[in-house]
Amino acid sequence: MCLIAIAHLASARWPLVIAANRDEFFDRPARAAHGWEDAPDVLGGRDLRAGGSWLAVTRGGRFAMVTNVRGLPEPPDAPSRGALVADFVRSTSAPLAFAEQVARPRYAGFHLVAGEVGGVVAHVSSDMAARALEPGIFAVSNAPAAIDWPKIAFARQAMERALASDNLEEELMRFLTTPRGGPIESEVFVAIPEMGYGTRASTVVIASADGTLDFTEQTAAAATRFRLR
């Protein structure tokens, strides 16, 4: 996953909104969003090489998502970053406590966002210690925490516009799936066919004030919708 925008307690109507793109090599085996057989309360995609996930949610309102960070050295025998997502959603750990115990130097560059709908949302990255996010709109991509790539700013703006629109899901999915033709730092929907790399999944998650959780994933193969209560 290479772009995450999250609205955390930014709307009385929607206590949590996520818009995220997963960019990955096309030949890396993965399974689209589904209910996990080994964790029936969990919904999300699955990396079939390492067993982790780029974005997953639970019926109880826990969620986690991860991006990589470019340009940072990769430690030898680094564990899968996707395992952080899987470990959190299958645990009962408080979000900030979980983020604080992540052994950051062990992993290749990453951003992890983990939280509970209506509760604490934590962010930790290779170059930033764990912290609880303030209510509002937050976005990360593949840049280190101190660098604000243009598409990160675009994502915050898109989320703000969508929250004020009449069709939140449609607005966010349009943003995620529209190529712009710019450099990687500005391109939201990535397509680099000569490298066999690009955006493989676009996901919008909307938590309503009544406790409903709507999860929509768009891939090249299909659009899939789930509703959790």
# chains A, B, ... in the order shown; residues from 1 in each chain; ligands from 1

call {"tool": "residues_around", "arguments": {"residues": "Ala201 (chain A)", "least_positions_apart": "5", "cutoff": "7 Å", "atoms": "only C-alpha atoms", "output": "ChimeraX atom specification"}}
result
/A:21-22,217-219

call {"tool": "write_last_selection", "arguments": {"atoms": "all heavy atoms", "output": "tab-separated table (two decimals), in the first residue's frame"}}
result
chain	number	residue	atom	x	y	z
A	21	ASN	N	-4.49	3.26	-1.49
A	21	ASN	CA	-4.04	2.51	-2.66
A	21	ASN	C	-2.88	1.60	-2.28
A	21	ASN	O	-1.96	2.03	-1.57
A	21	ASN	CB	-3.58	3.45	-3.78
A	21	ASN	CG	-4.71	3.84	-4.71
A	21	ASN	OD1	-5.81	3.29	-4.64
A	21	ASN	ND2	-4.44	4.78	-5.60
A	22	ARG	N	-2.93	0.38	-2.77
A	22	ARG	CA	-1.81	-0.54	-2.61
A	22	ARG	C	-1.05	-0.62	-3.93
A	22	ARG	O	-1.59	-1.04	-4.95
A	22	ARG	CB	-2.29	-1.94	-2.24
A	22	ARG	CG	-1.13	-2.91	-2.06
A	22	ARG	CD	-1.54	-4.34	-2.24
A	22	ARG	NE	-0.40	-5.24	-2.01
A	22	ARG	CZ	-0.27	-6.43	-2.59
A	22	ARG	NH1	-1.21	-6.87	-3.41
A	22	ARG	NH2	0.78	-7.18	-2.36
A	217	GLU	N	-13.45	-2.46	-2.25
A	217	GLU	CA	-12.14	-2.64	-2.87
A	217	GLU	C	-12.30	-2.70	-4.38
A	217	GLU	O	-13.14	-3.45	-4.90
A	217	GLU	CB	-11.49	-3.92	-2.37
A	217	GLU	CG	-10.10	-4.17	-2.97
A	217	GLU	CD	-9.51	-5.49	-2.54
A	217	GLU	OE1	-9.85	-6.52	-3.15
A	217	GLU	OE2	-8.72	-5.48	-1.57
A	218	GLN	N	-11.49	-1.93	-5.09
A	218	GLN	CA	-11.47	-1.94	-6.55
A	218	GLN	C	-10.13	-2.47	-7.03
A	218	GLN	O	-9.07	-1.94	-6.66
A	218	GLN	CB	-11.68	-0.52	-7.09
A	218	GLN	CG	-11.57	-0.39	-8.60
A	218	GLN	CD	-12.76	-0.99	-9.31
A	218	GLN	OE1	-13.89	-0.57	-9.08
A	218	GLN	NE2	-12.52	-1.96	-10.19
A	219	THR	N	-10.14	-3.52	-7.82
A	219	THR	CA	-8.95	-4.04	-8.47
A	219	THR	C	-9.19	-4.07	-9.96
A	219	THR	O	-10.29	-3.76	-10.44
A	219	THR	CB	-8.61	-5.46	-7.97
A	219	THR	OG1	-9.63	-6.37	-8.45
A	219	THR	CG2	-8.54	-5.52	-6.45

call {"tool": "residues_around", "arguments": {"residues": "Gly119 (chain A)", "least_positions_apart": "2", "cutoff": "10 Å", "atoms": "only C-alpha atoms", "output": "PDB file with C-alpha atoms, in the first residue's frame"}}
result
ATOM      1  CA  HIS A   8     -10.323  10.246  12.209  1.00  0.00           C
ATOM      2  CA  LEU A   9     -13.235  11.783  14.123  1.00  0.00           C
ATOM      3  CA  PRO A  15     -16.155   8.658  12.720  1.00  0.00           C
ATOM      4  CA  LEU A  16     -13.661   6.914  10.444  1.00  0.00           C
ATOM      5  CA  GLY A  61     -13.915  -1.852  14.469  1.00  0.00           C
ATOM      6  CA  ARG A  62     -10.180  -2.494  14.741  1.00  0.00           C
ATOM      7  CA  ALA A  94      -4.487  -1.013  22.575  1.00  0.00           C
ATOM      8  CA  PRO A  95      -3.438   0.812  19.375  1.00  0.00           C
ATOM      9  CA  GLY A 115      -6.595   2.033  15.557  1.00  0.00           C
ATOM     10  CA  GLU A 116     -10.162   1.504  16.652  1.00  0.00           C
ATOM     11  CA  VAL A 117     -13.196   3.235  15.166  1.00  0.00           C
ATOM     12  CA  VAL A 121      -5.599   5.826  16.180  1.00  0.00           C
ATOM     13  CA  ALA A 122      -1.828   5.396  16.328  1.00  0.00           C
ATOM     14  CA  PRO A 135      -8.868  14.108  15.327  1.00  0.00           C
TER      15      PRO A 135
END

call {"tool": "residues_around", "arguments": {"residues": "Ala145 (chain A)", "least_positions_apart": "5", "cutoff": "8 Å", "atoms": "only C-alpha atoms", "output": "list in words"}}
result
Ser125, Asp127, Met128 and Val140 of chain A

call {"tool": "write_last_selection", "arguments": {"atoms": "N, CA and C atoms", "output": "compact mmCIF listing (two decimals), in the first residue's frame"}}
result
# COMPACT_ATOMS: atom_id res chain seq x y z
N SER A 125 6.36 4.98 12.43
CA SER A 125 7.10 4.76 11.20
C SER A 125 8.57 4.53 11.52
N ASP A 127 11.01 6.29 10.89
CA ASP A 127 11.72 7.49 11.33
C ASP A 127 10.88 8.38 12.24
N MET A 128 9.83 7.81 12.83
CA MET A 128 9.03 8.59 13.79
C MET A 128 8.48 7.65 14.85
N VAL A 140 -0.33 9.54 4.60
CA VAL A 140 1.06 9.14 4.41
C VAL A 140 1.17 8.39 3.09

call {"tool": "closest_residue", "arguments": {"among": "A:Ala20, A:Asp87, A:Pro105, A:Arg227", "to": "Ser53 (chain A)", "atoms": "only C-alpha atoms"}}
result
A:Asp87

call {"tool": "select_by_dssp", "arguments": {"residues": "region 16-209 of chain A", "states": "helix (DSSP H, G or I)", "output": "number ranges by chain"}}
result
A: 82-89, 95-101, 104-106, 150-163, 168-177, 193-195

call {"tool": "residues_around", "arguments": {"residues": "Asp47 (chain A)", "least_positions_apart": "4", "cutoff": "7 Å", "atoms": "only C-alpha atoms", "output": "ChimeraX atom specification"}}
result
/A:29-31,51-53

call {"tool": "write_last_selection", "arguments": {"atoms": "all heavy atoms", "output": "compact mmCIF listing (two decimals), in the first residue's frame"}}
result
# COMPACT_ATOMS: atom_id res chain seq x y z
N PRO A 29 2.31 -12.67 -5.35
CA PRO A 29 1.01 -13.31 -5.16
C PRO A 29 0.24 -12.71 -3.98
O PRO A 29 0.81 -12.45 -2.91
CB PRO A 29 1.36 -14.78 -4.90
CG PRO A 29 2.77 -14.75 -4.38
CD PRO A 29 3.43 -13.58 -5.06
N ALA A 30 -1.04 -12.46 -4.20
CA ALA A 30 -1.88 -11.86 -3.15
C ALA A 30 -3.32 -12.28 -3.40
O ALA A 30 -3.70 -12.64 -4.51
CB ALA A 30 -1.77 -10.35 -3.15
N ARG A 31 -4.11 -12.20 -2.36
CA ARG A 31 -5.53 -12.48 -2.46
C ARG A 31 -6.30 -11.21 -2.14
O ARG A 31 -5.96 -10.48 -1.20
CB ARG A 31 -5.92 -13.59 -1.48
CG ARG A 31 -7.36 -14.05 -1.62
CD ARG A 31 -7.65 -15.22 -0.70
NE ARG A 31 -9.08 -15.53 -0.70
CZ ARG A 31 -9.64 -16.41 0.11
NH1 ARG A 31 -8.90 -17.08 0.98
NH2 ARG A 31 -10.95 -16.62 0.07
N GLY A 51 2.17 -13.79 4.17
CA GLY A 51 1.03 -14.05 5.04
C GLY A 51 0.44 -12.83 5.72
O GLY A 51 -0.55 -12.96 6.43
N GLY A 52 1.04 -11.66 5.51
CA GLY A 52 0.52 -10.46 6.15
C GLY A 52 -0.53 -9.78 5.30
O GLY A 52 -1.16 -10.38 4.44
N SER A 53 -0.74 -8.50 5.55
CA SER A 53 -1.77 -7.73 4.84
C SER A 53 -1.32 -6.29 4.72
O SER A 53 -0.50 -5.81 5.52
CB SER A 53 -3.10 -7.80 5.59
OG SER A 53 -4.10 -7.04 4.92

call {"tool": "residues_around", "arguments": {"residues": "Leu72 (chain A)", "least_positions_apart": "5", "cutoff": "9 Å", "atoms": "only C-alpha atoms", "output": "PDB file with N, CA, C and O atoms, in the first residue's frame"}}
result
ATOM      1  N   ALA A 108      12.240  -3.106   7.295  1.00  0.00           N
ATOM      2  CA  ALA A 108      12.491  -2.170   6.205  1.00  0.00           C
ATOM      3  C   ALA A 108      11.546  -0.978   6.375  1.00  0.00           C
ATOM      4  O   ALA A 108      10.556  -1.041   7.117  1.00  0.00           O
ATOM      5  N   GLY A 109      11.840   0.131   5.691  1.00  0.00           N
ATOM      6  CA  GLY A 109      11.092   1.366   5.889  1.00  0.00           C
ATOM      7  C   GLY A 109       9.583   1.193   5.804  1.00  0.00           C
ATOM      8  O   GLY A 109       9.085   0.547   4.888  1.00  0.00           O
ATOM      9  N   SER A 126       9.311   4.156  10.490  1.00  0.00           N
ATOM     10  CA  SER A 126      10.731   3.895  10.670  1.00  0.00           C
ATOM     11  C   SER A 126      11.453   5.093  11.264  1.00  0.00           C
ATOM     12  O   SER A 126      12.393   4.933  12.052  1.00  0.00           O
ATOM     13  N   PRO A 144       9.507   9.394   3.770  1.00  0.00           N
ATOM     14  CA  PRO A 144       9.721   9.467   5.216  1.00  0.00           C
ATOM     15  C   PRO A 144       8.763  10.462   5.866  1.00  0.00           C
ATOM     16  O   PRO A 144       8.206  11.342   5.197  1.00  0.00           O
TER      17      PRO A 144
END

call {"tool": "residues_around", "arguments": {"residues": "Val66 (chain A)", "least_positions_apart": "5", "cutoff": "6 Å", "atoms": "only C-alpha atoms", "output": "PyMOL selection string"}}
result
chain A and resi 54+111-112

call {"tool": "closest_residue", "arguments": {"among": "A:Ala130, A:Ala33, A:Ile184, A:Leu84", "to": "Ala143 (chain A)", "atoms": "only C-alpha atoms"}}
result
A:Ile184

call {"tool": "atom_distance", "arguments": {"atom1": "CA of Ala223 (chain A)", "atom2": "CA of Ser202 (chain A)"}}
result
9.3 Å
